[in-house]
>>> print(open('run18.txt').read())   # compact mmCIF, C-alpha atoms and all ligand atoms
# COMPACT_ATOMS: atom_id res chain seq x y z
CA MET A 1 68.74 -55.75 -59.43
CA GLN A 2 65.22 -56.43 -60.67
CA THR A 3 63.95 -59.94 -60.19
CA SER A 4 60.59 -61.61 -60.46
CA ALA A 5 59.05 -63.47 -57.54
CA LYS A 6 59.49 -66.96 -58.90
CA TRP A 7 61.91 -68.80 -61.14
CA ARG A 8 60.71 -71.81 -63.05
CA THR A 9 62.96 -74.09 -65.08
CA PRO A 10 61.70 -77.07 -67.07
CA GLY A 11 62.17 -80.33 -65.22
CA GLN A 12 62.48 -78.65 -61.83
CA ALA A 13 59.75 -77.93 -59.36
CA GLU A 14 58.79 -74.29 -59.16
CA LEU A 15 61.48 -72.64 -57.08
CA GLN A 16 61.31 -69.52 -55.01
CA GLU A 17 64.23 -67.17 -55.49
CA GLU A 18 65.41 -67.81 -51.96
CA ASP A 19 65.76 -71.51 -52.81
CA LEU A 20 68.44 -70.70 -55.38
CA ALA A 21 72.15 -70.31 -54.66
CA ILE A 22 72.91 -69.40 -58.29
CA ASP A 23 70.51 -67.52 -60.51
CA VAL A 24 71.85 -66.54 -63.94
CA ARG A 25 69.44 -65.10 -66.46
CA ASP A 26 70.27 -64.30 -70.04
CA VAL A 27 73.81 -63.22 -69.17
CA THR A 28 76.07 -61.80 -71.87
CA LEU A 29 79.78 -61.17 -71.54
CA SER A 30 82.47 -60.04 -73.99
CA LEU A 31 86.26 -60.24 -73.71
CA GLU A 32 89.03 -58.60 -75.67
CA SER A 33 90.79 -60.97 -78.07
CA ALA A 34 94.54 -60.93 -78.79
CA SER A 35 93.81 -58.67 -81.78
CA ARG A 36 91.97 -56.30 -79.40
CA ASP A 37 88.51 -56.98 -80.88
CA ARG A 38 85.66 -57.60 -78.47
CA VAL A 39 84.51 -61.21 -78.70
CA GLN A 40 81.18 -62.23 -77.22
CA ILE A 41 81.75 -65.30 -75.05
CA LEU A 42 78.48 -65.59 -73.11
CA LYS A 43 75.48 -65.12 -75.39
CA GLY A 44 72.49 -65.22 -73.08
CA ALA A 45 73.42 -67.91 -70.56
CA THR A 46 70.69 -68.95 -68.12
CA LEU A 47 71.16 -71.29 -65.16
CA ALA A 48 69.42 -71.85 -61.84
CA VAL A 49 71.10 -73.97 -59.15
CA PRO A 50 69.11 -74.78 -56.00
CA ARG A 51 70.75 -74.29 -52.61
CA GLY A 52 72.44 -77.33 -51.10
CA GLU A 53 73.00 -79.20 -54.37
CA LEU A 54 76.02 -80.28 -56.42
CA TRP A 55 75.59 -79.32 -60.08
CA MET A 56 77.92 -80.12 -62.94
CA LEU A 57 78.53 -77.89 -65.94
CA LEU A 58 79.60 -79.59 -69.15
CA GLY A 59 80.13 -78.60 -72.77
CA PRO A 60 82.72 -78.57 -75.55
CA ASN A 61 86.06 -76.74 -75.25
CA GLY A 62 85.66 -72.99 -75.51
CA CYS A 63 81.87 -72.91 -75.01
CA GLY A 64 82.21 -70.57 -72.01
CA LYS A 65 82.07 -72.76 -68.89
CA SER A 66 85.08 -71.19 -67.14
CA THR A 67 83.97 -67.73 -68.24
CA LEU A 68 80.57 -68.28 -66.62
CA LEU A 69 82.26 -69.51 -63.43
CA LYS A 70 84.53 -66.44 -63.38
CA ALA A 71 81.56 -64.13 -63.90
CA LEU A 72 79.85 -65.83 -60.94
CA ALA A 73 82.98 -65.35 -58.82
CA GLY A 74 83.07 -61.66 -59.74
CA LEU A 75 86.39 -62.09 -61.57
CA LEU A 76 84.81 -60.95 -64.86
CA ASP A 77 82.06 -58.38 -65.43
CA HIS A 78 79.01 -59.38 -67.44
CA SER A 79 77.55 -56.83 -69.83
CA GLY A 80 73.89 -57.88 -69.90
CA GLY A 81 71.33 -60.02 -68.11
CA GLU A 82 71.10 -60.76 -64.40
CA LEU A 83 73.43 -62.74 -62.20
CA ARG A 84 72.96 -63.53 -58.53
CA ILE A 85 74.96 -65.86 -56.28
CA ALA A 86 74.75 -66.57 -52.55
CA GLN A 87 77.64 -65.05 -50.59
CA PRO A 88 80.31 -65.67 -49.61
CA CYS A 89 81.36 -67.80 -52.58
CA SER A 90 84.76 -69.33 -53.35
CA PHE A 91 86.50 -70.25 -56.57
CA VAL A 92 88.76 -73.33 -56.54
CA PHE A 93 91.20 -73.57 -59.46
CA GLN A 94 92.43 -76.57 -61.41
CA ASN A 95 95.99 -76.14 -60.10
CA PRO A 96 95.92 -76.27 -56.27
CA ASP A 97 99.52 -75.00 -56.12
CA HIS A 98 98.06 -71.61 -57.00
CA GLN A 99 95.99 -71.51 -53.82
CA VAL A 100 97.59 -73.79 -51.24
CA VAL A 101 100.39 -71.54 -50.05
CA MET A 102 101.16 -72.32 -46.41
CA PRO A 103 103.57 -75.02 -45.14
CA THR A 104 100.99 -77.32 -43.50
CA ALA A 105 97.41 -78.24 -44.36
CA GLY A 106 96.11 -76.77 -41.08
CA ALA A 107 98.06 -73.51 -41.51
CA ASP A 108 96.72 -73.18 -45.03
CA VAL A 109 93.10 -73.49 -43.91
CA ALA A 110 93.77 -71.06 -41.02
CA PHE A 111 95.44 -68.57 -43.38
CA GLY A 112 92.18 -67.44 -45.00
CA LEU A 113 90.62 -66.90 -41.56
CA GLY A 114 93.33 -64.42 -40.57
CA ARG A 115 91.45 -61.39 -41.82
CA MET A 116 88.34 -62.36 -39.84
CA HIS A 117 90.02 -61.71 -36.45
CA LEU A 118 88.44 -64.77 -34.84
CA PRO A 119 89.43 -66.07 -31.38
CA GLU A 120 92.18 -68.73 -31.57
CA ASP A 121 89.85 -71.50 -30.32
CA GLU A 122 87.35 -70.71 -33.05
CA VAL A 123 90.09 -70.80 -35.72
CA LYS A 124 91.30 -74.20 -34.45
CA ARG A 125 87.74 -75.54 -34.37
CA ARG A 126 86.96 -74.36 -37.90
CA VAL A 127 90.25 -75.69 -39.30
CA GLN A 128 89.74 -79.16 -37.80
CA GLU A 129 86.04 -79.34 -38.67
CA SER A 130 86.64 -78.25 -42.29
CA LEU A 131 89.51 -80.67 -42.84
CA GLU A 132 87.37 -83.49 -41.44
CA ILE A 133 84.50 -82.73 -43.82
CA VAL A 134 86.82 -83.16 -46.83
CA GLY A 135 88.32 -86.36 -45.36
CA MET A 136 91.61 -84.72 -44.31
CA GLY A 137 91.07 -84.61 -40.56
CA ASP A 138 94.33 -86.50 -39.87
CA TYR A 139 96.42 -84.16 -42.05
CA THR A 140 96.29 -80.94 -40.02
CA ARG A 141 100.04 -80.92 -39.36
CA ARG A 142 101.10 -82.52 -42.65
CA SER A 143 103.44 -80.59 -44.92
CA VAL A 144 101.54 -79.59 -48.06
CA GLN A 145 104.57 -80.66 -50.09
CA THR A 146 103.82 -84.28 -49.17
CA LEU A 147 100.20 -84.09 -50.38
CA SER A 148 98.92 -85.34 -53.73
CA GLY A 149 97.19 -82.97 -56.15
CA GLY A 150 93.76 -84.18 -55.04
CA GLN A 151 94.63 -83.81 -51.35
CA LYS A 152 95.74 -80.22 -52.02
CA GLN A 153 92.41 -79.60 -53.79
CA ARG A 154 90.64 -80.87 -50.67
CA VAL A 155 92.71 -78.53 -48.46
CA ALA A 156 91.71 -75.63 -50.73
CA ILE A 157 88.03 -76.65 -50.39
CA ALA A 158 88.45 -76.92 -46.59
CA GLY A 159 89.76 -73.33 -46.63
CA ALA A 160 86.59 -72.19 -48.37
CA LEU A 161 84.42 -74.08 -45.86
CA ALA A 162 86.29 -72.60 -42.90
CA GLU A 163 85.41 -69.17 -44.28
CA ARG A 164 81.77 -70.29 -44.36
CA SER A 165 81.44 -70.14 -48.14
CA GLN A 166 77.90 -70.70 -49.32
CA VAL A 167 78.87 -71.60 -52.88
CA LEU A 168 81.92 -73.47 -54.19
CA LEU A 169 82.82 -72.76 -57.82
CA LEU A 170 85.04 -75.65 -58.89
CA ASP A 171 86.84 -75.40 -62.24
CA GLU A 172 87.91 -78.75 -63.70
CA LEU A 173 89.48 -79.93 -60.46
CA THR A 174 90.01 -83.51 -61.55
CA THR A 175 91.50 -83.03 -65.03
CA PHE A 176 95.07 -83.89 -64.04
CA LEU A 177 94.32 -86.24 -61.12
CA ASP A 178 94.70 -90.01 -61.08
CA GLU A 179 91.57 -92.06 -60.48
CA GLU A 180 92.01 -92.40 -56.72
CA ASP A 181 92.50 -88.65 -56.26
CA GLN A 182 89.63 -87.90 -58.62
CA ILE A 183 87.23 -90.02 -56.54
CA GLY A 184 88.62 -88.50 -53.31
CA VAL A 185 87.86 -84.95 -54.46
CA LEU A 186 84.42 -85.88 -55.81
CA GLU A 187 83.49 -87.63 -52.58
CA ALA A 188 84.77 -84.69 -50.55
CA VAL A 189 82.58 -82.24 -52.48
CA LYS A 190 79.61 -84.59 -52.27
CA ASN A 191 80.17 -84.82 -48.51
CA VAL A 192 80.42 -81.03 -48.18
CA VAL A 193 77.12 -80.56 -49.98
CA SER A 194 75.29 -83.25 -48.01
CA MET A 195 76.74 -82.35 -44.58
CA GLN A 196 77.01 -78.58 -44.65
CA SER A 197 73.41 -77.46 -44.71
CA GLY A 198 72.87 -75.16 -47.64
CA VAL A 199 76.37 -75.26 -49.22
CA THR A 200 76.07 -75.45 -53.02
CA ALA A 201 78.71 -76.55 -55.54
CA LEU A 202 79.00 -75.85 -59.27
CA TRP A 203 81.53 -78.21 -60.82
CA VAL A 204 82.92 -77.75 -64.33
CA THR A 205 83.99 -81.03 -65.90
CA HIS A 206 84.58 -82.89 -69.15
CA ARG A 207 84.28 -86.29 -67.49
CA LEU A 208 80.92 -87.96 -68.05
CA GLU A 209 81.74 -90.60 -65.44
CA GLU A 210 81.52 -87.86 -62.77
CA LEU A 211 77.86 -87.12 -63.58
CA PRO A 212 76.36 -89.75 -61.22
CA PHE A 213 77.78 -87.76 -58.25
CA ALA A 214 75.70 -84.71 -59.23
CA ASP A 215 72.23 -83.67 -58.17
CA GLY A 216 71.77 -81.77 -61.42
CA ALA A 217 73.69 -80.79 -64.53
CA ALA A 218 73.74 -78.30 -67.36
CA TYR A 219 75.22 -78.49 -70.84
CA MET A 220 76.63 -75.37 -72.52
CA HIS A 221 77.18 -74.72 -76.20
CA ASP A 222 78.46 -71.53 -77.79
CA GLY A 223 77.94 -69.26 -74.79
CA LYS A 224 74.51 -70.58 -73.75
CA VAL A 225 73.11 -73.30 -71.49
CA VAL A 226 71.26 -75.45 -74.00
CA MET A 227 70.08 -78.25 -71.70
CA HIS A 228 69.76 -78.73 -67.95
CA GLY A 229 68.11 -81.17 -65.58
CA ASN A 230 68.94 -84.39 -63.79
CA PRO A 231 72.31 -86.04 -64.56
CA GLY A 232 70.68 -88.94 -66.47
CA LYS A 233 68.96 -86.51 -68.83
CA ILE A 234 72.23 -84.68 -69.54
CA GLU A 235 74.07 -87.97 -70.06
CA ARG A 236 71.45 -89.07 -72.60
CA TYR A 237 71.61 -85.68 -74.31
CA ILE A 238 75.41 -85.87 -74.63
CA GLY A 239 75.08 -89.48 -75.86
CA ARG A 240 72.73 -88.30 -78.64
CA LEU A 241 75.16 -85.51 -79.60
CA GLN A 242 78.02 -88.00 -79.75
CA LYS A 243 75.97 -90.39 -81.93
CA GLN A 244 75.06 -87.56 -84.32
CA ALA A 245 78.70 -86.49 -84.55
CA LEU A 246 79.80 -90.07 -85.29
CA ALA A 247 77.10 -90.44 -87.97
CA LEU A 248 78.50 -87.39 -89.76
CA ARG A 249 82.02 -88.81 -90.02
N1 LIG A 301 90.94 -63.55 -71.26
C1 LIG A 301 90.39 -63.88 -72.44
N2 LIG A 301 90.44 -63.05 -73.49
C2 LIG A 301 89.89 -63.36 -74.68
N3 LIG A 301 89.25 -64.52 -74.92
C3 LIG A 301 89.18 -65.41 -73.91
C4 LIG A 301 89.75 -65.14 -72.63
N4 LIG A 301 89.50 -66.21 -71.83
C5 LIG A 301 88.82 -67.09 -72.59
N5 LIG A 301 88.64 -66.62 -73.82
C6 LIG A 301 87.94 -67.30 -74.92
O1 LIG A 301 86.60 -67.46 -74.49
C7 LIG A 301 86.07 -68.68 -74.99
C8 LIG A 301 85.49 -69.45 -73.83
O2 LIG A 301 86.55 -69.84 -72.97
P1 LIG A 301 86.27 -70.66 -71.64
O3 LIG A 301 87.59 -70.92 -71.00
O4 LIG A 301 85.22 -70.00 -70.84
O5 LIG A 301 85.68 -72.00 -72.25
P2 LIG A 301 85.49 -73.42 -71.55
O6 LIG A 301 84.15 -73.92 -71.96
O7 LIG A 301 85.76 -73.33 -70.10
O8 LIG A 301 86.63 -74.26 -72.30
P3 LIG A 301 87.52 -75.49 -71.79
O9 LIG A 301 86.59 -76.63 -71.60
O10 LIG A 301 88.47 -75.69 -72.91
O11 LIG A 301 88.21 -75.05 -70.52
C9 LIG A 301 87.22 -69.40 -75.70
O12 LIG A 301 87.07 -69.18 -77.09
C10 LIG A 301 88.45 -68.71 -75.17
O13 LIG A 301 89.46 -68.70 -76.15
>>> encode(input="run18.txt", output="structure tokens")
Amino acid sequence: MQTSAKWRTPGQAELQEEDLAIDVRDVTLSLESASRDRVQILKGATLAVPRGELWMLLGPNGCGKSTLLKALAGLLDHSGGELRIAQPCSFVFQNPDHQVVMPTAGADVAFGLGRMHLPEDEVKRRVQESLEIVGMGDYTRRSVQTLSGGQKQRVAIAGALAERSQVLLLDELTTFLDEEDQIGVLEAVKNVVSMQSGVTALWVTHRLEELPFADGAAYMHDGKVVMHGNPGKIERYIGRLQKQALALR
């Protein structure tokens, strides 16, 4: 893939490419609709996320946030532009029941390590260390059936950490969680990013109250990132959009 030596985004210091965990430039992507027409979902999306930061991705329903996340995870192919992401990366879904599959929290984290053929001691060490980072260090032997939705999300994140993921792609994890669980997951991700040197997280959300946890944020509209920068800037931008919408009523 062709890339230039430097990548500058307004409001950010000049970044070298190696400082970025996610580098999306002018990406286009089309999907087939129910009527079998091709519909363009991403229309030139551009986003740069520095290594070791937690970024949030916001925008109205259907603007393409999940599609961009899936393209980053390699689950969808983009048709144009350039897309780079540090590897390995992991996608964590909204419904943890789709990814937490083993009977205990510890077994679930160990499950993903199976294909790496690591010595048993190393597996045990990684499982315990990863569960501790997400605040679940005392839950190694707990049945996953007894865990709340947010605790299962944290086990799924621990699984990604145990596999040494460099980037966590997190798709609306807190939508169906109560407030306590929501804060637990947010704090776990914040902890991951601050403790694990170089781990980056991109967090899709609709909840403005989550923005203060982020290091940076981007706002999408109609298949493009239309604003990015520090969380305060994005909050003010969304506030202006909301005021304009109310004035039109
Ligand atoms: N597999 C698919 N085939 C065709 N169209 C799709 C497919 N998946 C998503 N879309 C359409 O792509 C557009 C963007 O969807 P996407 O889920 O990326 O938006 P989003 O910003 O994440 O929305 P939300 O906040 O509601 O989750 C929507 O119009 C959606 O209907």
>>> residues_around(input="run18.txt", residues="A:Val199", least_positions_apart="2", cutoff="9 Å", atoms="only C-alpha atoms", output="JSON, numbers by chain")
{"A": [21, 51, 52, 53, 54, 161, 164, 165, 166, 167, 168, 192, 193, 194, 195, 196, 197, 201]}
>>> residues_near_ligand(input="run18.txt", ligand="ligand LIG 301 (chain A)", cutoff="6 Å", atoms="only C-alpha atoms and all ligand atoms", output="VMD selection string")
chain A and resid 31 to 33 41 60 to 67
>>> residues_near_point(input="run18.txt", point="(86.8, -79.3, -48.4)", cutoff="7 Å", atoms="only C-alpha atoms", output="ChimeraX atom specification")
/A:130-131,133-134,154-159,161,188-189,192
>>> write_last_selection(input="run18.txt", atoms="C-alpha atoms", output="CSV table (one decimal), in the coordinates of the input")
chain,number,residue,atom,x,y,z
A,130,SER,CA,86.6,-78.2,-42.3
A,131,LEU,CA,89.5,-80.7,-42.8
A,133,ILE,CA,84.5,-82.7,-43.8
A,134,VAL,CA,86.8,-83.2,-46.8
A,154,ARG,CA,90.6,-80.9,-50.7
A,155,VAL,CA,92.7,-78.5,-48.5
A,156,ALA,CA,91.7,-75.6,-50.7
A,157,ILE,CA,88.0,-76.6,-50.4
A,158,ALA,CA,88.4,-76.9,-46.6
A,159,GLY,CA,89.8,-73.3,-46.6
A,161,LEU,CA,84.4,-74.1,-45.9
A,188,ALA,CA,84.8,-84.7,-50.6
A,189,VAL,CA,82.6,-82.2,-52.5
A,192,VAL,CA,80.4,-81.0,-48.2
>>> closest_residue(input="run18.txt", among="A:His98, A:Arg25, A:Lys243, A:Arg115", to="A:Gly81", atoms="all atoms listed in the file")
A:Arg25
>>> atom_distance(input="run18.txt", atom1="atom CA of A:Phe176", atom2="atom CA of A:Ser143")
21.1 Å
>>> closest_residue(input="run18.txt", among="A:Asp37, A:Asp181, A:Asp222, A:Asp171", to="A:Gln94", atoms="all atoms listed in the file")
A:Asp171
>>> atom_distance(input="run18.txt", atom1="atom CA of A:Lys190", atom2="atom CA of A:His78")
29.4 Å
>>> closest_residue(input="run18.txt", among="A:Ala162, A:Arg142, A:Leu118, A:Leu58", to="A:Glu209", atoms="only C-alpha atoms")
A:Leu58
>>> axis_aligned_box(input="run18.txt", around="stretch 172-177 of chain A", padding_each_side="4 Å", output="lines of an AutoDock Vina configuration file")
center_x = 91.5
center_y = -82.5
center_z = -62.7
size_x = 15.2
size_y = 15.5
size_z = 12.6
>>> closest_residue(input="run18.txt", among="A:Val144, A:Met56, A:Ile183, A:Pro103", to="A:Glu235", atoms="all atoms listed in the file")
A:Met56
>>> closest_residue(input="run18.txt", among="A:Leu68, A:Ala245, A:Ile22, A:Ala105", to="A:Leu147", atoms="only C-alpha atoms")
A:Ala105
>>> residues_around(input="run18.txt", residues="A:Val49", least_positions_apart="5", cutoff="12 Å", atoms="all atoms listed in the file", output="MDAnalysis selection string")
chainID A and resid 7:9 12 15:25 54:57 83:86 167:169 198:203 214:218 228:230
>>> closest_residue(input="run18.txt", among="A:Gly149, A:Gly106, A:Tyr219, A:Tyr237", to="A:His206", atoms="all atoms listed in the file")
A:Tyr219
>>> atom_distance(input="run18.txt", atom1="atom CA of A:Val92", atom2="atom CA of A:Phe213")
18.2 Å
>>> residues_near_point(input="run18.txt", point="(79.6, -59.2, -73.2)", cutoff="6 Å", atoms="all atoms listed in the file", output="ChimeraX atom specification")
/A:28-30,40,78-79
